[in-house]
Amino acid sequence: MNAVPEFAAAQLQAIVLAAGRGERLCDDDALALAALGERPGELGLLMSAAAALRDRHFGARLTYSRKVFVPLTHACRNRCGYCTFARAPARGQRALMTPDEVLAVARAGQQAGCREALFTLGDKPELRFAGVRDELAALGHSSMVGYLAEMAGRVLAETGLLPHLNPGVLTRAEIDVLRPVAVSMGLMLESAAARLMQRGGPHAGAPDKHPQLRLAMIEAAGQAAVPFTSGLLVGIGETRRERIESLLALRAAHERHGHLQEVIVQNFRAKPGTRMAAAAEPSFDEHRWTIAIARLIFGGTSSIQAPPNLAAGALAGLVEAGIDDWGGVSPVTPDHVNPERRWPELDALARHSADAGMLLVERLAAHPRFVNDAQTWIDAGLRPQVRRHADADGLARAHAWAPGAAAALPAAEAHLPGVRCDGPVATALARALRGEPTEADIVALFDARGAEVDRVCAAADAIRRELNGDVVSYVVTRNITYTNLCRYRCGFCAFARGRKHEALRGAPYDYDMAEIARRSAEAWARGATEVCIQGGIHPAYTGRHYLDILAAVKAAAPGLHVHAFSPLEIAQGARSLGLSVREFLQALREAGLGSLPGTAAEILDDEVRRVICPDKLGTDEWLSVVQTAHELGLRSTATIMFGHVERPVHWARHLLHLRRLQQRTGGLTEFVPLPFVAGEAPLFLKGGSRAGPTWRETLLMHAVARIVLGALVPNVQASWVKLGVEGMKRCLRAGVNDFGGTLMDESISRAAGAVHGTEMTPAAIRAVIVDAGRTPRQRTTLYEDAPRERVERAASQEARAGAPDASPRAPAAAAPTRRESALEACAGLAE
């Protein structure tokens with residue numbers, strides 16, 4: 001290569017630095033970079049800029065997909081000069097994997113915790129080999145595309161693995177056939193240099209390697225909204241300029257359609273028995289040069305990937321060049337395209353990543369941006385499986401735990417040394433601790449992984465200690481859920497019944513006033529200071545019914561604090577009587593209402609509410625009801641129900657709404673995160689939601705809320721019904737200071753499939769708190785010390801009788817038959 005003049009070198013360096021800051025490289029500037037990299041320091045400059053650009057968009061994370069490799073056939077009509085995958089069928093031997101063989105591989109992958117089934121096959125072998133045509137006919141197909149569609153569909157249906165398809169060049173019609181059974185597809189461009197098709201070239205004798213054919217398919221995949229993988233094969237005779245031209249051709253298609261989820265920069269490795277067995281392989285630096293150029297061209301719009309099993313040098317060197325993804329790695333099957341190159345063990349890959357300062361994180365076959373916009377990119381029939389595998393960031397769920405399920409909590413992570421923790425999470429944490437959290441900061445805190453999670457939790461617990469010391473409070477209370485008849489049809493709710501739902505969900509019920517009074521009197525006799533009263537929005541109820549409930553409770557147990565009626569019930573009651581919310585709340589207060597549960601909040605963002613509860617209160621109305629209650633001197637709690645269809649940005653908006661509300665009124669007593677229990681929820685059973693939050697997300701919700709709300713809302717409560725005892729202990733180390741209530745009759749989470757019980761006695765609560773190294777304190781609803789008489793009464797009744805008679809005098813809600821639990825939905829996920 002000719003030497004670059006000094007002035008030209010300086011100009012090129014300026015182009016690189018601008019690209020590293022995030023400026024888009026125009027085509028001419030990108031092509032000019034072909035001259036950069038030969039002089040001392042230039043490769044380092046390229047890689048430094050590429051790595052900085054990677055960090056700007058992806059942080060200190062390297063993703064990978066845990067897969068099985070399914071070589072549906074090695075037969076191929078092309079004869080590439082470097083390939084050992086393609087081979088002509090031998091006489092008397094099958095060319096295709098049978099359905100049983102395919103499913104056996106997929107089931108082995110399922111057992112090993114894989115989530116992706118990578119189908120690879122030669123290009124259109126039926127056009128060249130009669131034996132392939134005969135085998136396809138015996139299987140009921142006339143083309144490989146038809147057989148591939150069948151097998152991908154069966155693997156998805158029978159194992160839950162998500163198919164990624166590499167079937168070679170396809171027409172738009174063939175893409176449309178495969179899209180319903182593929183979460184993503186791929187086709188390596190390899191090179192846009194048509195001269196490589198000439199006699200003696202690597203693509204001579206390979207008609208499907210013509211660049212225009214391959215670019216046409218990549219374009220068609222974009223038109224069909226298929227998450228797509230492509231890339232280059234480096235070192236097969238192309239020049240640096242031709243590599244850049246290839247990358248620019250890919251970028252042009254991507255900028256038209258946005259579908260390139262990853263660009264693979266794969267280095268050629270010579271293989272014995274091929275025409276190119278004696279060809280020189282590209283140097284490690286040449287490979288890294290191409291990775292850096294790819295990153296500068298694509299910026300953060302696509303992942304840049306390099307296969308770890310093909311690296312010609314230390315894996316850390318590839319990271320330094322700007323990759324953010326290792327691609328698919330299989331713990332079960334070999335790399336059938338490069339069988340002489342073993343996949344690294346996942347533990348080893350994690351160590352190599354950590355040595356480069358990066359945390360290894362599992363993804364799905366479709367990258368997060370496409371998972372989070374599944375309506376656009378994923379076929380409707382595939383979305384339920386994708387959601388069951390995904391976390392709130394669109395990455396892979398890391399374990400089988402789900403709220404309310406019996407699965408054990410994941411073991412505490414042993415963090416590898418070397419992973420950087422100085423990125424956006426650290427910056428956001430510092431700003432939030434100064435009392436200045438922005439939406440972006442809160443989203444960054446929820447993005448914490450690995451050791452970053454520990455840092456966020458430690459900061460939250462330090463705030464808890466400053467505000468509350470080592471005291472953990474709890475309240476002796478009874479839940480009275482007076483009816484499960486409800487005119488609303490919230491997608492997340494497994495509790496509410498309509499009059500036509502008895503066969504589906506169990507009998508509807510409606511407690512009369514005598515039953516409500518009986519339960520209240522029984523709660524008082526057992527030492528309760530509070531009854532928590534809520535129910536479905538009964539089609540026949542008016543606000544008069546809520547006033548009658550208060551009268552019944554106060555007549556039966558005048559000393560009980562009545563913590564009752566969600567903002568939805570308040571709004572509905574007011575409308576039914578023709579009153580303003582303020583007038584109705586005043587009437588309720590005069591009738592004995594003590595405070596409001598801040599439920600029906602779900603997610604305070606109307607984008608989400610339109611999906612999960614479109615006919616309930618909007619965000620502004622919920623906030624208005626609660627603010628009005630506070631202005632009248634009625635305190636309330638606040639909740640969030642998370643882990644279904646929302647994303648971390650919605651959590652951030654929810655917390656900021658509550659923070660601003662509390663700054664205006666000071667009326668919130670506590671914040672209660674409620675993890676979505678998916679097992680019986682209609683939205684989940686129909687495939688419309690995730691399987692509840694992951695444990696990482698659950699822990700972070702408590703910790704981040706503590707940091708964001710700070711001293712404004714001094715109490716953060718966790719739900720033992722949803723988390724179980726061990727989950728409560730861990731949350732007590734992440735900013736939580738309140739254990740909630742004894743409940744006596746919990747029914748809503750139980751209806752959704754939770755298995756952690758309907759009551760926890762005061763003694764049991766105190767034992768958990770003490771075992772966690774904290775000091776228990778029995779409190780009232782408003783966080784005063786419980787009167788001594790109530791404490792002693794609760795203790796004496798607990799010693800005498802145990803649980804109350806929970807059988808209703810009116811027809812009771814039958815325990816649901818669990819059709820599918822969140823744990824079962826996540827079966828096979830890696831621990």
# chains A, B, ... in the order shown; residues from 1 in each chain; ligands from 1
call {"tool": "select_by_dssp", "arguments": {"residues": "range 487-593 of chain A", "states": "alpha helix (DSSP H)", "output": "NGL selection string"}}
result
:A and (502-505 or 513-525 or 543-556 or 567-577 or 581-590)
call {"tool": "residues_around", "arguments": {"residues": "Glu158 in chain A", "least_positions_apart": "2", "cutoff": "9 Å", "atoms": "only C-alpha atoms", "output": "list in words"}}
result
Leu103, Ala106, Arg107, Gly153, Arg154, Val155, Leu156, Gly160 and Leu161 of chain A
call {"tool": "residues_around", "arguments": {"residues": "range 274-279 of chain A", "least_positions_apart": "2", "cutoff": "10 Å", "atoms": "only C-alpha atoms", "output": "JSON, numbers by chain"}}
result
{"A": [79, 80, 81, 82, 83, 84, 200, 201, 202, 235, 236, 237, 268, 269, 270, 271, 272, 281, 282]}
call {"tool": "closest_residue", "arguments": {"among": "A:Ala221, A:Ala407, A:Glu631, A:Leu215", "to": "His257 in chain A", "atoms": "only C-alpha atoms"}}
result
A:Ala221
call {"tool": "closest_residue", "arguments": {"among": "A:Gln534, A:Asn166, A:Gln385, A:Ser580", "to": "Leu118 in chain A", "atoms": "only C-alpha atoms"}}
result
A:Asn166
call {"tool": "residues_around", "arguments": {"residues": "Ala591 in chain A", "least_positions_apart": "6", "cutoff": "10 Å", "atoms": "only C-alpha atoms", "output": "PyMOL selection string"}}
result
chain A and resi 546-551+554+585
call {"tool": "write_last_selection", "arguments": {"atoms": "N, CA and C atoms", "output": "PDB file, in the first residue's frame"}}
result
ATOM      1  N   TYR A 546     -69.922   1.463  49.364  1.00  0.00           N
ATOM      2  CA  TYR A 546     -68.666   1.684  50.073  1.00  0.00           C
ATOM      3  C   TYR A 546     -68.912   2.362  51.422  1.00  0.00           C
ATOM      4  N   LEU A 547     -69.863   3.258  51.462  1.00  0.00           N
ATOM      5  CA  LEU A 547     -70.222   3.884  52.731  1.00  0.00           C
ATOM      6  C   LEU A 547     -70.821   2.857  53.685  1.00  0.00           C
ATOM      7  N   ASP A 548     -71.627   1.937  53.148  1.00  0.00           N
ATOM      8  CA  ASP A 548     -72.214   0.886  53.992  1.00  0.00           C
ATOM      9  C   ASP A 548     -71.143  -0.047  54.541  1.00  0.00           C
ATOM     10  N   ILE A 549     -70.111  -0.342  53.744  1.00  0.00           N
ATOM     11  CA  ILE A 549     -69.005  -1.179  54.229  1.00  0.00           C
ATOM     12  C   ILE A 549     -68.333  -0.518  55.426  1.00  0.00           C
ATOM     13  N   LEU A 550     -68.065   0.767  55.320  1.00  0.00           N
ATOM     14  CA  LEU A 550     -67.431   1.475  56.435  1.00  0.00           C
ATOM     15  C   LEU A 550     -68.313   1.431  57.680  1.00  0.00           C
ATOM     16  N   ALA A 551     -69.597   1.603  57.509  1.00  0.00           N
ATOM     17  CA  ALA A 551     -70.510   1.562  58.653  1.00  0.00           C
ATOM     18  C   ALA A 551     -70.490   0.182  59.296  1.00  0.00           C
ATOM     19  N   LYS A 554     -67.132  -0.281  61.240  1.00  0.00           N
ATOM     20  CA  LYS A 554     -67.046   0.540  62.443  1.00  0.00           C
ATOM     21  C   LYS A 554     -68.018   0.075  63.509  1.00  0.00           C
ATOM     22  N   LEU A 585     -64.766  11.538  48.795  1.00  0.00           N
ATOM     23  CA  LEU A 585     -63.717  11.235  49.775  1.00  0.00           C
ATOM     24  C   LEU A 585     -64.043  11.840  51.134  1.00  0.00           C
TER      25      LEU A 585
END
call {"tool": "select_by_dssp", "arguments": {"residues": "range 318-562 of chain A", "states": "strand (DSSP E)", "output": "list in words"}}
result
Asp325, Trp326, Gly327, Gly328, Val329, Leu359, Leu360, Val361, Glu362, Arg363, Val471, Val472, Ser473, Tyr474, Val475, Thr477, Arg478, Asn479, Ile480, Thr481, Glu530, Val531, Cys532, Ile533, Gln534, His561 and Val562 of chain A
call {"tool": "write_last_selection", "arguments": {"atoms": "N, CA and C atoms", "output": "mmCIF file, in the first residue's frame"}}
result
data_model
loop_
_atom_site.group_PDB
_atom_site.id
_atom_site.type_symbol
_atom_site.label_atom_id
_atom_site.label_comp_id
_atom_site.auth_asym_id
_atom_site.auth_seq_id
_atom_site.Cartn_x
_atom_site.Cartn_y
_atom_site.Cartn_z
ATOM 1 N N ASP A 325 -20.590 -8.309 20.622
ATOM 2 C CA ASP A 325 -21.338 -9.564 20.593
ATOM 3 C C ASP A 325 -20.430 -10.695 20.130
ATOM 4 N N TRP A 326 -20.579 -11.862 20.786
ATOM 5 C CA TRP A 326 -19.812 -13.051 20.410
ATOM 6 C C TRP A 326 -20.593 -13.963 19.471
ATOM 7 N N GLY A 327 -21.870 -13.696 19.260
ATOM 8 C CA GLY A 327 -22.670 -14.574 18.419
ATOM 9 C C GLY A 327 -23.197 -15.772 19.194
ATOM 10 N N GLY A 328 -23.602 -16.786 18.445
ATOM 11 C CA GLY A 328 -24.123 -17.994 19.069
ATOM 12 C C GLY A 328 -23.002 -18.897 19.546
ATOM 13 N N VAL A 329 -23.174 -19.437 20.738
ATOM 14 C CA VAL A 329 -22.221 -20.382 21.318
ATOM 15 C C VAL A 329 -23.022 -21.563 21.837
ATOM 16 N N LEU A 359 -18.796 -7.483 30.810
ATOM 17 C CA LEU A 359 -19.672 -8.474 31.413
ATOM 18 C C LEU A 359 -20.356 -9.269 30.314
ATOM 19 N N LEU A 360 -20.331 -10.578 30.406
ATOM 20 C CA LEU A 360 -20.982 -11.449 29.434
ATOM 21 C C LEU A 360 -22.456 -11.585 29.799
ATOM 22 N N VAL A 361 -23.336 -11.293 28.838
ATOM 23 C CA VAL A 361 -24.775 -11.296 29.074
ATOM 24 C C VAL A 361 -25.448 -12.087 27.957
ATOM 25 N N GLU A 362 -26.370 -12.951 28.341
ATOM 26 C CA GLU A 362 -27.063 -13.766 27.347
ATOM 27 C C GLU A 362 -28.201 -12.987 26.693
ATOM 28 N N ARG A 363 -28.324 -13.155 25.388
ATOM 29 C CA ARG A 363 -29.426 -12.572 24.622
ATOM 30 C C ARG A 363 -30.210 -13.683 23.941
ATOM 31 N N VAL A 471 -34.411 -1.295 62.101
ATOM 32 C CA VAL A 471 -35.757 -1.718 62.474
ATOM 33 C C VAL A 471 -36.557 -2.067 61.222
ATOM 34 N N VAL A 472 -37.238 -3.204 61.259
ATOM 35 C CA VAL A 472 -38.136 -3.612 60.182
ATOM 36 C C VAL A 472 -39.543 -3.689 60.761
ATOM 37 N N SER A 473 -40.446 -2.940 60.182
ATOM 38 C CA SER A 473 -41.798 -2.859 60.711
ATOM 39 C C SER A 473 -42.731 -3.836 60.009
ATOM 40 N N TYR A 474 -43.849 -4.118 60.669
ATOM 41 C CA TYR A 474 -44.912 -4.940 60.084
ATOM 42 C C TYR A 474 -46.208 -4.547 60.768
ATOM 43 N N VAL A 475 -47.322 -4.893 60.158
ATOM 44 C CA VAL A 475 -48.626 -4.545 60.696
ATOM 45 C C VAL A 475 -49.486 -5.797 60.780
ATOM 46 N N THR A 477 -52.843 -7.139 60.241
ATOM 47 C CA THR A 477 -53.954 -6.676 59.415
ATOM 48 C C THR A 477 -54.712 -7.852 58.854
ATOM 49 N N ARG A 478 -55.898 -7.582 58.391
ATOM 50 C CA ARG A 478 -56.659 -8.604 57.677
ATOM 51 C C ARG A 478 -57.114 -8.025 56.344
ATOM 52 N N ASN A 479 -56.880 -8.765 55.288
ATOM 53 C CA ASN A 479 -57.409 -8.400 53.983
ATOM 54 C C ASN A 479 -58.847 -8.865 53.869
ATOM 55 N N ILE A 480 -59.720 -7.978 53.476
ATOM 56 C CA ILE A 480 -61.102 -8.351 53.173
ATOM 57 C C ILE A 480 -61.378 -7.927 51.734
ATOM 58 N N THR A 481 -61.320 -8.882 50.846
ATOM 59 C CA THR A 481 -61.585 -8.621 49.433
ATOM 60 C C THR A 481 -63.032 -9.022 49.199
ATOM 61 N N GLU A 530 -55.726 -3.021 61.794
ATOM 62 C CA GLU A 530 -56.138 -2.554 60.472
ATOM 63 C C GLU A 530 -56.906 -3.635 59.743
ATOM 64 N N VAL A 531 -57.887 -3.209 58.949
ATOM 65 C CA VAL A 531 -58.425 -4.056 57.892
ATOM 66 C C VAL A 531 -58.160 -3.341 56.570
ATOM 67 N N CYS A 532 -57.735 -4.108 55.594
ATOM 68 C CA CYS A 532 -57.500 -3.583 54.248
ATOM 69 C C CYS A 532 -58.619 -4.106 53.358
ATOM 70 N N ILE A 533 -59.441 -3.212 52.855
ATOM 71 C CA ILE A 533 -60.665 -3.603 52.166
ATOM 72 C C ILE A 533 -60.627 -3.089 50.733
ATOM 73 N N GLN A 534 -60.708 -4.037 49.800
ATOM 74 C CA GLN A 534 -60.790 -3.717 48.389
ATOM 75 C C GLN A 534 -61.596 -4.802 47.703
ATOM 76 N N HIS A 561 -58.497 0.568 62.232
ATOM 77 C CA HIS A 561 -58.197 1.540 61.164
ATOM 78 C C HIS A 561 -58.633 0.915 59.848
ATOM 79 N N VAL A 562 -59.447 1.631 59.098
ATOM 80 C CA VAL A 562 -59.939 1.108 57.831
ATOM 81 C C VAL A 562 -59.091 1.692 56.695
#
call {"tool": "residues_around", "arguments": {"residues": "Ser796 in chain A", "least_positions_apart": "5", "cutoff": "12 Å", "atoms": "only C-alpha atoms", "output": "ChimeraX atom specification"}}
result
/A:525-527,761-763,789-791,801-802
call {"tool": "atom_distance", "arguments": {"atom1": "CA of Ala444 in chain A", "atom2": "CA of Glu646 in chain A"}}
result
15.7 Å
call {"tool": "residues_around", "arguments": {"residues": "Glu245 in chain A", "least_positions_apart": "2", "cutoff": "9 Å", "atoms": "only C-alpha atoms", "output": "ChimeraX atom specification"}}
result
/A:27,30-31,191-193,240-243,247-250
call {"tool": "write_last_selection", "arguments": {"atoms": "N, CA, C and O atoms", "output": "PDB file, in the first residue's frame"}}
result
ATOM      1  N   ASP A  27     -20.101   8.046   3.042  1.00  0.00           N
ATOM      2  CA  ASP A  27     -19.484   6.997   2.239  1.00  0.00           C
ATOM      3  C   ASP A  27     -18.059   7.366   1.829  1.00  0.00           C
ATOM      4  O   ASP A  27     -17.134   6.537   1.898  1.00  0.00           O
ATOM      5  N   ALA A  30     -15.696   7.101   4.700  1.00  0.00           N
ATOM      6  CA  ALA A  30     -15.479   5.696   5.043  1.00  0.00           C
ATOM      7  C   ALA A  30     -14.499   5.049   4.067  1.00  0.00           C
ATOM      8  O   ALA A  30     -13.569   4.329   4.474  1.00  0.00           O
ATOM      9  N   LEU A  31     -14.674   5.295   2.785  1.00  0.00           N
ATOM     10  CA  LEU A  31     -13.778   4.715   1.787  1.00  0.00           C
ATOM     11  C   LEU A  31     -12.355   5.236   1.951  1.00  0.00           C
ATOM     12  O   LEU A  31     -11.386   4.494   1.725  1.00  0.00           O
ATOM     13  N   SER A 191     -18.758 -10.699   0.658  1.00  0.00           N
ATOM     14  CA  SER A 191     -18.085  -9.609  -0.043  1.00  0.00           C
ATOM     15  C   SER A 191     -18.978  -9.111  -1.158  1.00  0.00           C
ATOM     16  O   SER A 191     -19.693  -9.891  -1.794  1.00  0.00           O
ATOM     17  N   ALA A 192     -18.950  -7.797  -1.366  1.00  0.00           N
ATOM     18  CA  ALA A 192     -19.678  -7.200  -2.480  1.00  0.00           C
ATOM     19  C   ALA A 192     -18.838  -7.158  -3.755  1.00  0.00           C
ATOM     20  O   ALA A 192     -19.271  -6.615  -4.766  1.00  0.00           O
ATOM     21  N   ALA A 193     -17.647  -7.760  -3.720  1.00  0.00           N
ATOM     22  CA  ALA A 193     -16.742  -7.741  -4.877  1.00  0.00           C
ATOM     23  C   ALA A 193     -17.107  -8.881  -5.826  1.00  0.00           C
ATOM     24  O   ALA A 193     -16.791 -10.050  -5.570  1.00  0.00           O
ATOM     25  N   ARG A 240      -8.980  -3.987   1.138  1.00  0.00           N
ATOM     26  CA  ARG A 240      -9.595  -3.215   2.214  1.00  0.00           C
ATOM     27  C   ARG A 240     -10.721  -2.325   1.679  1.00  0.00           C
ATOM     28  O   ARG A 240     -11.777  -2.207   2.312  1.00  0.00           O
ATOM     29  N   ARG A 241     -10.483  -1.701   0.534  1.00  0.00           N
ATOM     30  CA  ARG A 241     -11.537  -0.856  -0.036  1.00  0.00           C
ATOM     31  C   ARG A 241     -12.787  -1.674  -0.340  1.00  0.00           C
ATOM     32  O   ARG A 241     -13.917  -1.215  -0.099  1.00  0.00           O
ATOM     33  N   GLU A 242     -12.609  -2.883  -0.839  1.00  0.00           N
ATOM     34  CA  GLU A 242     -13.773  -3.722  -1.137  1.00  0.00           C
ATOM     35  C   GLU A 242     -14.508  -4.114   0.138  1.00  0.00           C
ATOM     36  O   GLU A 242     -15.738  -4.233   0.142  1.00  0.00           O
ATOM     37  N   ARG A 243     -13.770  -4.309   1.214  1.00  0.00           N
ATOM     38  CA  ARG A 243     -14.449  -4.570   2.493  1.00  0.00           C
ATOM     39  C   ARG A 243     -15.315  -3.387   2.897  1.00  0.00           C
ATOM     40  O   ARG A 243     -16.457  -3.554   3.341  1.00  0.00           O
ATOM     41  N   LEU A 247     -19.365  -3.172   3.496  1.00  0.00           N
ATOM     42  CA  LEU A 247     -20.010  -2.644   4.698  1.00  0.00           C
ATOM     43  C   LEU A 247     -20.968  -1.508   4.364  1.00  0.00           C
ATOM     44  O   LEU A 247     -22.055  -1.406   4.947  1.00  0.00           O
ATOM     45  N   LEU A 248     -20.590  -0.672   3.419  1.00  0.00           N
ATOM     46  CA  LEU A 248     -21.463   0.436   3.032  1.00  0.00           C
ATOM     47  C   LEU A 248     -22.720  -0.074   2.333  1.00  0.00           C
ATOM     48  O   LEU A 248     -23.814   0.488   2.505  1.00  0.00           O
ATOM     49  N   ALA A 249     -22.589  -1.137   1.546  1.00  0.00           N
ATOM     50  CA  ALA A 249     -23.770  -1.725   0.909  1.00  0.00           C
ATOM     51  C   ALA A 249     -24.732  -2.272   1.965  1.00  0.00           C
ATOM     52  O   ALA A 249     -25.957  -2.105   1.864  1.00  0.00           O
ATOM     53  N   LEU A 250     -24.180  -2.911   2.993  1.00  0.00           N
ATOM     54  CA  LEU A 250     -25.024  -3.401   4.082  1.00  0.00           C
ATOM     55  C   LEU A 250     -25.665  -2.235   4.834  1.00  0.00           C
ATOM     56  O   LEU A 250     -26.842  -2.279   5.187  1.00  0.00           O
TER      57      LEU A 250
END
call {"tool": "residues_around", "arguments": {"residues": "Asp454 in chain A", "least_positions_apart": "4", "cutoff": "12 Å", "atoms": "only C-alpha atoms", "output": "number ranges by chain"}}
result
A: 412-415, 421, 425-426, 445, 448-450, 458-461, 696, 699-700, 703-704, 730-731, 733-735
call {"tool": "atom_distance", "arguments": {"atom1": "CA of Arg387 in chain A", "atom2": "CA of Ala108 in chain A"}}
result
22.0 Å
call {"tool": "atom_distance", "arguments": {"atom1": "CA of Asn309 in chain A", "atom2": "CA of Ala149 in chain A"}}
result
29.0 Å
call {"tool": "closest_residue", "arguments": {"among": "A:Ser283, A:Thr781, A:Gln261, A:Asn78", "to": "Asp208 in chain A", "atoms": "only C-alpha atoms"}}
result
A:Asn78
